[in-house]
file target_8.pdb (PDB, C-alpha atoms)
ATOM      1  CA  MET A   1     -40.546 -54.024  29.925
ATOM      2  CA  GLY A   2     -40.099 -50.325  29.163
ATOM      3  CA  THR A   3     -40.098 -47.560  31.744
ATOM      4  CA  GLU A   4     -43.563 -46.175  32.326
ATOM      5  CA  PRO A   5     -44.119 -42.439  32.718
ATOM      6  CA  ALA A   6     -44.199 -41.504  36.430
ATOM      7  CA  SER A   7     -47.394 -39.491  36.117
ATOM      8  CA  PRO A   8     -50.440 -39.494  33.846
ATOM      9  CA  VAL A   9     -49.905 -38.239  30.328
ATOM     10  CA  THR A  10     -52.285 -35.411  29.502
ATOM     11  CA  ALA A  11     -52.789 -33.562  26.251
ATOM     12  CA  SER A  12     -55.394 -31.300  24.681
ATOM     13  CA  PHE A  13     -56.085 -30.743  21.004
ATOM     14  CA  THR A  14     -58.232 -28.417  18.960
ATOM     15  CA  LEU A  15     -59.034 -30.436  15.848
ATOM     16  CA  ILE A  16     -60.585 -29.543  12.555
ATOM     17  CA  ASN A  17     -62.332 -32.184  10.448
ATOM     18  CA  ASP A  18     -59.218 -33.277   8.631
ATOM     19  CA  ARG A  19     -57.644 -36.723   8.793
ATOM     20  CA  THR A  20     -54.152 -35.339   9.366
ATOM     21  CA  ASP A  21     -55.348 -33.280  12.300
ATOM     22  CA  ILE A  22     -57.299 -36.161  13.843
ATOM     23  CA  HIS A  23     -54.263 -38.405  13.387
ATOM     24  CA  ARG A  24     -52.159 -35.927  15.376
ATOM     25  CA  ALA A  25     -54.305 -36.483  18.481
ATOM     26  CA  GLU A  26     -54.611 -40.206  17.849
ATOM     27  CA  SER A  27     -50.831 -40.560  17.565
ATOM     28  CA  ARG A  28     -50.355 -38.845  20.926
ATOM     29  CA  LEU A  29     -52.956 -41.150  22.447
ATOM     30  CA  PHE A  30     -51.225 -44.234  21.065
ATOM     31  CA  GLU A  31     -47.778 -43.088  22.136
ATOM     32  CA  ALA A  32     -49.122 -42.920  25.700
ATOM     33  CA  LEU A  33     -50.853 -46.309  25.431
ATOM     34  CA  ASP A  34     -47.537 -47.744  24.229
ATOM     35  CA  ALA A  35     -45.657 -46.124  27.105
ATOM     36  CA  PHE A  36     -48.056 -47.697  29.606
ATOM     37  CA  GLU A  37     -48.028 -50.986  27.677
ATOM     38  CA  TYR A  38     -51.761 -51.279  27.189
ATOM     39  CA  PRO A  39     -52.647 -54.657  25.650
ATOM     40  CA  LYS A  40     -53.921 -55.081  22.098
ATOM     41  CA  ALA A  41     -57.580 -55.561  23.049
ATOM     42  CA  ALA A  42     -57.562 -52.372  25.128
ATOM     43  CA  ARG A  43     -55.929 -50.423  22.319
ATOM     44  CA  PHE A  44     -58.584 -51.684  19.890
ATOM     45  CA  ALA A  45     -61.379 -50.601  22.250
ATOM     46  CA  ILE A  46     -59.870 -47.170  22.953
ATOM     47  CA  ARG A  47     -59.207 -46.432  19.304
ATOM     48  CA  LEU A  48     -62.734 -47.430  18.361
ATOM     49  CA  ALA A  49     -64.225 -45.145  21.034
ATOM     50  CA  PHE A  50     -61.961 -42.237  20.077
ATOM     51  CA  GLU A  51     -62.839 -42.558  16.394
ATOM     52  CA  GLU A  52     -66.577 -42.853  17.009
ATOM     53  CA  ALA A  53     -66.673 -39.878  19.379
ATOM     54  CA  VAL A  54     -64.691 -37.595  17.063
ATOM     55  CA  THR A  55     -66.754 -38.677  14.055
ATOM     56  CA  ASN A  56     -69.999 -38.031  15.960
ATOM     57  CA  ALA A  57     -68.776 -34.573  16.978
ATOM     58  CA  PHE A  58     -68.029 -33.495  13.420
ATOM     59  CA  LYS A  59     -70.813 -35.359  11.624
ATOM     60  CA  HIS A  60     -73.730 -34.854  14.004
ATOM     61  CA  GLY A  61     -72.600 -32.252  16.561
ATOM     62  CA  HIS A  62     -71.438 -29.803  13.915
ATOM     63  CA  LYS A  63     -74.228 -30.453  11.417
ATOM     64  CA  GLY A  64     -75.052 -27.122   9.819
ATOM     65  CA  LEU A  65     -71.963 -25.380  11.224
ATOM     66  CA  PRO A  66     -69.036 -24.189   9.082
ATOM     67  CA  PRO A  67     -66.806 -27.170   8.158
ATOM     68  CA  THR A  68     -63.795 -25.530   9.806
ATOM     69  CA  THR A  69     -65.485 -25.422  13.241
ATOM     70  CA  PRO A  70     -63.046 -27.156  15.593
ATOM     71  CA  VAL A  71     -63.636 -29.905  18.154
ATOM     72  CA  GLN A  72     -61.845 -29.965  21.512
ATOM     73  CA  VAL A  73     -60.232 -33.261  22.578
ATOM     74  CA  ASP A  74     -58.735 -33.788  26.045
ATOM     75  CA  LEU A  75     -56.719 -36.910  26.856
ATOM     76  CA  SER A  76     -55.497 -38.300  30.156
ATOM     77  CA  ILE A  77     -53.682 -41.635  30.152
ATOM     78  CA  SER A  78     -52.212 -43.455  33.156
ATOM     79  CA  HIS A  79     -51.351 -47.068  33.909
ATOM     80  CA  ASP A  80     -54.815 -47.751  35.289
ATOM     81  CA  GLN A  81     -57.163 -45.735  33.128
ATOM     82  CA  VAL A  82     -57.705 -43.639  30.044
ATOM     83  CA  VAL A  83     -60.040 -40.653  29.922
ATOM     84  CA  ILE A  84     -60.972 -39.122  26.566
ATOM     85  CA  ALA A  85     -63.248 -36.099  26.376
ATOM     86  CA  VAL A  86     -64.586 -34.805  23.068
ATOM     87  CA  GLU A  87     -66.489 -31.517  22.954
ATOM     88  CA  ASP A  88     -68.162 -30.033  19.908
ATOM     89  CA  GLN A  89     -69.597 -26.556  19.428
ATOM     90  CA  GLY A  90     -73.049 -27.678  18.362
ATOM     91  CA  PRO A  91     -76.303 -27.386  20.307
ATOM     92  CA  GLY A  92     -75.910 -30.851  21.842
ATOM     93  CA  PHE A  93     -78.316 -33.763  21.913
ATOM     94  CA  ASN A  94     -79.990 -36.156  24.300
ATOM     95  CA  PRO A  95     -78.303 -39.583  24.054
ATOM     96  CA  ALA A  96     -81.538 -41.179  25.295
ATOM     97  CA  ASP A  97     -83.180 -40.084  22.023
ATOM     98  CA  VAL A  98     -80.866 -42.305  19.937
ATOM     99  CA  PRO A  99     -82.720 -45.508  18.978
ATOM    100  CA  ASP A 100     -81.232 -48.839  20.063
ATOM    101  CA  PRO A 101     -79.549 -50.127  16.865
ATOM    102  CA  THR A 102     -79.608 -53.737  18.101
ATOM    103  CA  LYS A 103     -83.423 -53.934  18.091
ATOM    104  CA  ASP A 104     -84.718 -56.127  15.289
ATOM    105  CA  GLU A 105     -86.478 -53.231  13.576
ATOM    106  CA  ASN A 106     -83.247 -51.169  13.496
ATOM    107  CA  LEU A 107     -80.767 -53.864  12.445
ATOM    108  CA  GLU A 108     -80.837 -52.872   8.795
ATOM    109  CA  VAL A 109     -80.691 -49.138   9.425
ATOM    110  CA  PRO A 110     -77.214 -48.024   8.317
ATOM    111  CA  THR A 111     -76.649 -45.414  11.042
ATOM    112  CA  GLY A 112     -76.748 -45.036  14.822
ATOM    113  CA  ARG A 113     -74.144 -47.531  16.058
ATOM    114  CA  GLY A 114     -71.365 -45.204  17.219
ATOM    115  CA  LEU A 115     -72.748 -44.476  20.671
ATOM    116  CA  MET A 116     -73.624 -48.066  21.442
ATOM    117  CA  LEU A 117     -70.130 -49.191  20.456
ATOM    118  CA  ILE A 118     -68.567 -46.595  22.765
ATOM    119  CA  ARG A 119     -70.881 -47.777  25.533
ATOM    120  CA  ALA A 120     -69.957 -51.413  24.857
ATOM    121  CA  TYR A 121     -66.184 -50.921  24.827
ATOM    122  CA  MET A 122     -65.689 -48.227  27.461
ATOM    123  CA  THR A 123     -66.113 -48.629  31.215
ATOM    124  CA  ARG A 124     -68.223 -45.496  31.374
ATOM    125  CA  MET A 125     -69.555 -42.857  28.992
ATOM    126  CA  THR A 126     -71.062 -39.625  30.319
ATOM    127  CA  PHE A 127     -72.396 -36.487  28.643
ATOM    128  CA  ASN A 128     -72.557 -32.963  30.003
ATOM    129  CA  ALA A 129     -75.975 -31.409  30.517
ATOM    130  CA  ALA A 130     -75.933 -29.686  27.127
ATOM    131  CA  GLY A 131     -75.092 -32.946  25.360
ATOM    132  CA  ASN A 132     -72.154 -31.546  23.403
ATOM    133  CA  ARG A 133     -69.315 -33.035  25.475
ATOM    134  CA  VAL A 134     -68.780 -36.741  25.980
ATOM    135  CA  GLU A 135     -66.316 -38.108  28.494
ATOM    136  CA  MET A 136     -65.228 -41.711  28.068
ATOM    137  CA  LEU A 137     -63.455 -43.697  30.778
ATOM    138  CA  PHE A 138     -61.584 -46.920  30.129
ATOM    139  CA  GLU A 139     -60.449 -48.755  33.263
ATOM    140  CA  ARG A 140     -57.672 -51.214  32.641
ATOM    141  CA  ALA A 141     -58.208 -54.795  33.738
ATOM    142  CA  PRO A 142     -55.725 -55.867  36.431
ATOM    143  CA  ASP A 143     -52.544 -57.325  34.963
ATOM    144  CA  THR A 144     -52.436 -61.097  35.121
ATOM    145  CA  GLN A 145     -50.018 -62.129  37.843
ATOM    146  CA  PRO A 146     -47.952 -65.317  37.602
ATOM    147  CA  PRO A 147     -49.122 -67.991  40.050
ATOM    148  CA  ALA A 148     -47.454 -67.885  43.474
ATOM    149  CA  GLY A 149     -44.269 -69.951  43.538
ATOM    150  CA  ALA A 150     -43.949 -69.980  39.749
TER
ATOM    151  CA  MET B   1     -63.770 -42.505 -10.486
ATOM    152  CA  ALA B   2     -60.111 -42.783 -11.387
ATOM    153  CA  ALA B   3     -58.715 -46.236 -10.648
ATOM    154  CA  SER B   4     -55.840 -44.663  -8.732
ATOM    155  CA  ASP B   5     -58.318 -43.254  -6.171
ATOM    156  CA  SER B   6     -59.744 -46.670  -5.332
ATOM    157  CA  ARG B   7     -59.329 -47.992  -1.800
ATOM    158  CA  LEU B   8     -60.287 -51.461  -3.039
ATOM    159  CA  ARG B   9     -58.715 -54.380  -4.873
ATOM    160  CA  ILE B  10     -61.345 -56.023  -7.055
ATOM    161  CA  ARG B  11     -60.980 -59.319  -8.932
ATOM    162  CA  ARG B  12     -63.277 -61.913 -10.456
ATOM    163  CA  ASP B  13     -63.054 -65.650  -9.757
ATOM    164  CA  ALA B  14     -65.556 -68.311 -10.860
ATOM    165  CA  GLY B  15     -68.375 -65.809 -11.325
ATOM    166  CA  VAL B  16     -67.741 -64.133  -7.960
ATOM    167  CA  THR B  17     -66.530 -60.563  -7.524
ATOM    168  CA  ILE B  18     -63.992 -60.521  -4.697
ATOM    169  CA  VAL B  19     -63.293 -57.199  -3.008
ATOM    170  CA  GLU B  20     -60.383 -56.571  -0.638
ATOM    171  CA  PHE B  21     -59.455 -53.384   1.186
ATOM    172  CA  ILE B  22     -56.189 -51.600   0.544
ATOM    173  CA  ASP B  23     -56.245 -49.850   3.935
ATOM    174  CA  ARG B  24     -55.792 -51.600   7.268
ATOM    175  CA  ASN B  25     -58.094 -49.077   8.926
ATOM    176  CA  ILE B  26     -61.534 -48.361   7.473
ATOM    177  CA  LEU B  27     -62.172 -45.233   9.511
ATOM    178  CA  ASP B  28     -61.962 -42.177   7.307
ATOM    179  CA  GLU B  29     -65.413 -40.895   6.351
ATOM    180  CA  ALA B  30     -64.353 -39.780   2.872
ATOM    181  CA  ASN B  31     -62.740 -43.146   2.119
ATOM    182  CA  ILE B  32     -65.776 -45.029   3.427
ATOM    183  CA  GLN B  33     -68.028 -42.981   1.161
ATOM    184  CA  MET B  34     -65.731 -43.704  -1.788
ATOM    185  CA  ILE B  35     -65.770 -47.444  -1.000
ATOM    186  CA  GLY B  36     -69.570 -47.397  -0.825
ATOM    187  CA  GLU B  37     -69.865 -45.601  -4.149
ATOM    188  CA  GLU B  38     -67.446 -47.965  -5.872
ATOM    189  CA  ILE B  39     -69.249 -51.086  -4.681
ATOM    190  CA  THR B  40     -72.638 -49.534  -5.471
ATOM    191  CA  SER B  41     -71.479 -48.974  -9.061
ATOM    192  CA  LEU B  42     -70.633 -52.701  -9.269
ATOM    193  CA  ILE B  43     -74.144 -53.588  -8.060
ATOM    194  CA  GLU B  44     -75.783 -51.149 -10.465
ATOM    195  CA  ALA B  45     -73.837 -52.714 -13.342
ATOM    196  CA  ASP B  46     -74.936 -56.208 -12.261
ATOM    197  CA  PRO B  47     -77.832 -56.387  -9.758
ATOM    198  CA  SER B  48     -77.419 -60.184  -9.513
ATOM    199  CA  LEU B  49     -73.795 -59.796  -8.457
ATOM    200  CA  LYS B  50     -72.186 -62.474  -6.300
ATOM    201  CA  LEU B  51     -70.035 -60.303  -4.048
ATOM    202  CA  LEU B  52     -67.454 -61.494  -1.538
ATOM    203  CA  ILE B  53     -65.897 -58.835   0.683
ATOM    204  CA  SER B  54     -62.684 -59.962   2.363
ATOM    205  CA  PHE B  55     -61.420 -58.226   5.498
ATOM    206  CA  ALA B  56     -58.085 -60.052   5.384
ATOM    207  CA  ASN B  57     -55.948 -56.963   5.913
ATOM    208  CA  VAL B  58     -58.318 -54.935   8.075
ATOM    209  CA  ASP B  59     -57.434 -54.062  11.687
ATOM    210  CA  HIS B  60     -60.112 -51.463  12.460
ATOM    211  CA  LEU B  61     -63.416 -50.374  11.067
ATOM    212  CA  SER B  62     -65.880 -47.745  12.211
ATOM    213  CA  SER B  63     -69.636 -47.742  12.627
ATOM    214  CA  ALA B  64     -69.799 -45.731   9.391
ATOM    215  CA  ALA B  65     -68.116 -48.653   7.609
ATOM    216  CA  LEU B  66     -70.697 -51.004   9.134
ATOM    217  CA  GLY B  67     -73.384 -48.667   7.820
ATOM    218  CA  THR B  68     -71.938 -48.863   4.322
ATOM    219  CA  LEU B  69     -71.959 -52.673   4.510
ATOM    220  CA  ILE B  70     -75.633 -52.584   5.521
ATOM    221  CA  THR B  71     -76.444 -50.298   2.590
ATOM    222  CA  ILE B  72     -74.590 -52.653   0.213
ATOM    223  CA  ASN B  73     -76.465 -55.633   1.652
ATOM    224  CA  ASN B  74     -79.813 -53.852   1.254
ATOM    225  CA  LYS B  75     -79.019 -52.991  -2.378
ATOM    226  CA  LEU B  76     -77.843 -56.502  -3.261
ATOM    227  CA  ARG B  77     -80.501 -58.497  -1.489
ATOM    228  CA  PRO B  78     -83.250 -58.433  -4.155
ATOM    229  CA  LYS B  79     -81.173 -60.293  -6.776
ATOM    230  CA  GLY B  80     -77.540 -60.612  -5.676
ATOM    231  CA  GLN B  81     -75.629 -62.355  -2.905
ATOM    232  CA  LEU B  82     -73.193 -60.919  -0.368
ATOM    233  CA  ARG B  83     -70.668 -62.840   1.723
ATOM    234  CA  LEU B  84     -68.093 -61.517   4.205
ATOM    235  CA  ALA B  85     -64.881 -63.390   5.024
ATOM    236  CA  ASN B  86     -61.528 -63.258   6.826
ATOM    237  CA  ILE B  87     -62.758 -61.037   9.647
ATOM    238  CA  ASP B  88     -60.303 -60.516  12.492
ATOM    239  CA  PRO B  89     -61.724 -61.821  15.831
ATOM    240  CA  GLN B  90     -61.726 -58.339  17.386
ATOM    241  CA  ILE B  91     -63.692 -56.953  14.455
ATOM    242  CA  TYR B  92     -66.010 -59.958  14.478
ATOM    243  CA  GLU B  93     -66.805 -59.037  18.075
ATOM    244  CA  VAL B  94     -68.053 -55.664  16.787
ATOM    245  CA  PHE B  95     -70.439 -57.528  14.481
ATOM    246  CA  VAL B  96     -71.643 -59.592  17.445
ATOM    247  CA  ILE B  97     -72.096 -56.582  19.762
ATOM    248  CA  THR B  98     -74.130 -54.788  17.092
ATOM    249  CA  ARG B  99     -75.959 -58.057  16.222
ATOM    250  CA  LEU B 100     -74.961 -57.561  12.593
ATOM    251  CA  ASN B 101     -73.659 -61.118  12.532
ATOM    252  CA  ASN B 102     -77.387 -61.965  12.264
ATOM    253  CA  ILE B 103     -77.910 -60.139   8.967
ATOM    254  CA  PHE B 104     -74.600 -60.840   7.191
ATOM    255  CA  LYS B 105     -73.413 -64.208   5.948
ATOM    256  CA  ILE B 106     -69.916 -64.383   7.464
ATOM    257  CA  TYR B 107     -67.359 -67.109   6.708
ATOM    258  CA  PRO B 108     -63.926 -67.798   8.190
ATOM    259  CA  THR B 109     -62.078 -67.914   4.863
ATOM    260  CA  THR B 110     -62.433 -66.868   1.236
ATOM    261  CA  ASP B 111     -62.692 -70.552   0.231
ATOM    262  CA  ASP B 112     -65.541 -71.153   2.683
ATOM    263  CA  ALA B 113     -67.373 -68.086   1.392
ATOM    264  CA  MET B 114     -66.814 -69.070  -2.270
ATOM    265  CA  LYS B 115     -68.401 -72.486  -1.649
ATOM    266  CA  SER B 116     -71.481 -70.879  -0.076
ATOM    267  CA  PHE B 117     -72.708 -69.042  -3.190
ATOM    268  CA  THR B 118     -75.733 -70.612  -4.846
TER
END
call {"tool": "encode", "arguments": {"input": "target_8.pdb", "output": "structure tokens"}}
result
Amino acid sequence: MGTEPASPVTASFTLINDRTDIHRAESRLFEALDAFEYPKAARFAIRLAFEEAVTNAFKHGHKGLPPTTPVQVDLSISHDQVVIAVEDQGPGFNPADVPDPTKDENLEVPTGRGLMLIRAYMTRMTFNAAGNRVEMLFERAPDTQPPAGA
Amino acid sequence: MAASDSRLRIRRDAGVTIVEFIDRNILDEANIQMIGEEITSLIEADPSLKLLISFANVDHLSSAALGTLITINNKLRPKGQLRLANIDPQIYEVFVITRLNNIFKIYPTTDDAMKSFT
């Protein structure tokens, strides 16, 4: 077992829509998940949510804006939870307006699955009133303890 | 498209076109678009294509990648056949959550998928 950081790891990034820039934030996130020894399934879920939120911000949030318009990403990682906030500079949207992609009539529509995947893998997903900032909370499942007397 | 740009390994075996991904993570929008265009060109060259997409080396894929698979399936369906194989259990769970396991024919191994073509 490594030594965990004594306090939550926090970091903020201003990202442009460039893979190298996005990777910079993702690397910091994964360094912290490593330090707190998050299990593989949690890392998969958190990465998926991060990727979907950042992609949504650039692809949908910034639709019609200059391609260099940056997105703000705030990270907070502790032993018990991860909070990722992604804020774009677009006009925002109402998440309730996004059709359910799992309905039979939408199954063969190629788009619209990002939000539902975030919702499925994160403990909680909330938007600000404007609909241009999403905050995603992942609560870690309690570590499995060895049986008493083992 | 120059072959050196391809994010895919493509081979033919017993009348089946087998596609594998070079990248472990199918996340980058530009790469996903390139993958979609490359596979679309295969379908346009042969609308009755028997296509097997193997996820043997893939650790992560995004909803945009799922969207590209749906588009490929929609393009192939009139005359061709699409099979998916070697999907990591965590990624398979994504197919289940999105209910896409109901529209794709998914097999545990390449051999299983090869035997399923008609």
call {"tool": "closest_residue", "arguments": {"input": "target_8.pdb", "among": "A:Leu137, A:Ala25, A:Leu15, A:Ala32", "to": "A:His79", "atoms": "only C-alpha atoms"}}
result
A:Ala32
call {"tool": "closest_atom_pairs", "arguments": {"input": "target_8.pdb", "of": "chain A", "to": "chain B", "cutoff": "7 Å", "atoms": "only C-alpha atoms", "output": "Markdown table"}}
result
| residue | atom | partner | partner_atom | distance |
| --- | --- | --- | --- | --- |
| A:Leu48 | CA | B:Ser62 | CA | 6.9 |
| A:Glu52 | CA | B:Ser62 | CA | 6.9 |
| A:Thr102 | CA | B:Thr98 | CA | 5.7 |
| A:Leu107 | CA | B:Leu100 | CA | 6.9 |
| A:Glu108 | CA | B:Ile70 | CA | 6.2 |
| A:Pro110 | CA | B:Gly67 | CA | 3.9 |
| A:Thr111 | CA | B:Gly67 | CA | 5.6 |
| A:Arg113 | CA | B:Ser63 | CA | 5.7 |
| A:Gly114 | CA | B:Ser63 | CA | 5.5 |
call {"tool": "residues_around", "arguments": {"input": "target_8.pdb", "residues": "B:Pro78", "least_positions_apart": "4", "cutoff": "12 Å", "atoms": "all atoms listed in the file", "output": "MDAnalysis selection string"}}
result
chainID B and resid 43 46:50 72:74 82
call {"tool": "atom_distance", "arguments": {"input": "target_8.pdb", "atom1": "atom CA of A:Glu139", "atom2": "atom CA of A:Arg124"}}
result
8.6 Å
call {"tool": "resolve_selection", "arguments": {"input": "target_8.pdb", "expression": "the PyMOL selection byres ((chain A and resi 138) around 12)", "output": "PDB file with C-alpha atoms, keeping the file's coordinate frame"}}
result
ATOM      1  CA  LEU A  33     -50.853 -46.309  25.431  1.00  0.00           C
ATOM      2  CA  TYR A  38     -51.761 -51.279  27.189  1.00  0.00           C
ATOM      3  CA  ALA A  41     -57.580 -55.561  23.049  1.00  0.00           C
ATOM      4  CA  ALA A  42     -57.562 -52.372  25.128  1.00  0.00           C
ATOM      5  CA  ARG A  43     -55.929 -50.423  22.319  1.00  0.00           C
ATOM      6  CA  PHE A  44     -58.584 -51.684  19.890  1.00  0.00           C
ATOM      7  CA  ALA A  45     -61.379 -50.601  22.250  1.00  0.00           C
ATOM      8  CA  ILE A  46     -59.870 -47.170  22.953  1.00  0.00           C
ATOM      9  CA  ARG A  47     -59.207 -46.432  19.304  1.00  0.00           C
ATOM     10  CA  LEU A  48     -62.734 -47.430  18.361  1.00  0.00           C
ATOM     11  CA  ALA A  49     -64.225 -45.145  21.034  1.00  0.00           C
ATOM     12  CA  PHE A  50     -61.961 -42.237  20.077  1.00  0.00           C
ATOM     13  CA  LEU A  75     -56.719 -36.910  26.856  1.00  0.00           C
ATOM     14  CA  SER A  76     -55.497 -38.300  30.156  1.00  0.00           C
ATOM     15  CA  ILE A  77     -53.682 -41.635  30.152  1.00  0.00           C
ATOM     16  CA  SER A  78     -52.212 -43.455  33.156  1.00  0.00           C
ATOM     17  CA  HIS A  79     -51.351 -47.068  33.909  1.00  0.00           C
ATOM     18  CA  ASP A  80     -54.815 -47.751  35.289  1.00  0.00           C
ATOM     19  CA  GLN A  81     -57.163 -45.735  33.128  1.00  0.00           C
ATOM     20  CA  VAL A  82     -57.705 -43.639  30.044  1.00  0.00           C
ATOM     21  CA  VAL A  83     -60.040 -40.653  29.922  1.00  0.00           C
ATOM     22  CA  ILE A  84     -60.972 -39.122  26.566  1.00  0.00           C
ATOM     23  CA  ALA A  85     -63.248 -36.099  26.376  1.00  0.00           C
ATOM     24  CA  ILE A 118     -68.567 -46.595  22.765  1.00  0.00           C
ATOM     25  CA  ARG A 119     -70.881 -47.777  25.533  1.00  0.00           C
ATOM     26  CA  ALA A 120     -69.957 -51.413  24.857  1.00  0.00           C
ATOM     27  CA  TYR A 121     -66.184 -50.921  24.827  1.00  0.00           C
ATOM     28  CA  MET A 122     -65.689 -48.227  27.461  1.00  0.00           C
ATOM     29  CA  THR A 123     -66.113 -48.629  31.215  1.00  0.00           C
ATOM     30  CA  ARG A 124     -68.223 -45.496  31.374  1.00  0.00           C
ATOM     31  CA  MET A 125     -69.555 -42.857  28.992  1.00  0.00           C
ATOM     32  CA  THR A 126     -71.062 -39.625  30.319  1.00  0.00           C
ATOM     33  CA  GLU A 135     -66.316 -38.108  28.494  1.00  0.00           C
ATOM     34  CA  MET A 136     -65.228 -41.711  28.068  1.00  0.00           C
ATOM     35  CA  LEU A 137     -63.455 -43.697  30.778  1.00  0.00           C
ATOM     36  CA  GLU A 139     -60.449 -48.755  33.263  1.00  0.00           C
ATOM     37  CA  ARG A 140     -57.672 -51.214  32.641  1.00  0.00           C
ATOM     38  CA  ALA A 141     -58.208 -54.795  33.738  1.00  0.00           C
TER      39      ALA A 141
END
call {"tool": "atom_distance", "arguments": {"input": "target_8.pdb", "atom1": "atom CA of B:Asp111", "atom2": "atom CA of B:Asp88"}}
result
16.0 Å
call {"tool": "atom_distance", "arguments": {"input": "target_8.pdb", "atom1": "atom CA of B:Asn86", "atom2": "atom CA of B:Ile35"}}
result
18.1 Å
call {"tool": "axis_aligned_box", "arguments": {"input": "target_8.pdb", "around": "stretch 68-86 of chain B", "padding_each_side": "8 Å", "output": "JSON"}}
result
{"center_x": -72.4, "center_y": -56.1, "center_z": 0.0, "size_x": 37.7, "size_y": 30.5, "size_z": 29.6}
call {"tool": "residues_around", "arguments": {"input": "target_8.pdb", "residues": "A:Asp21", "least_positions_apart": "3", "cutoff": "12 Å", "atoms": "all atoms listed in the file", "output": "PyMOL selection string"}}
result
chain A and resi 13-18+24-28+54+68+70-73
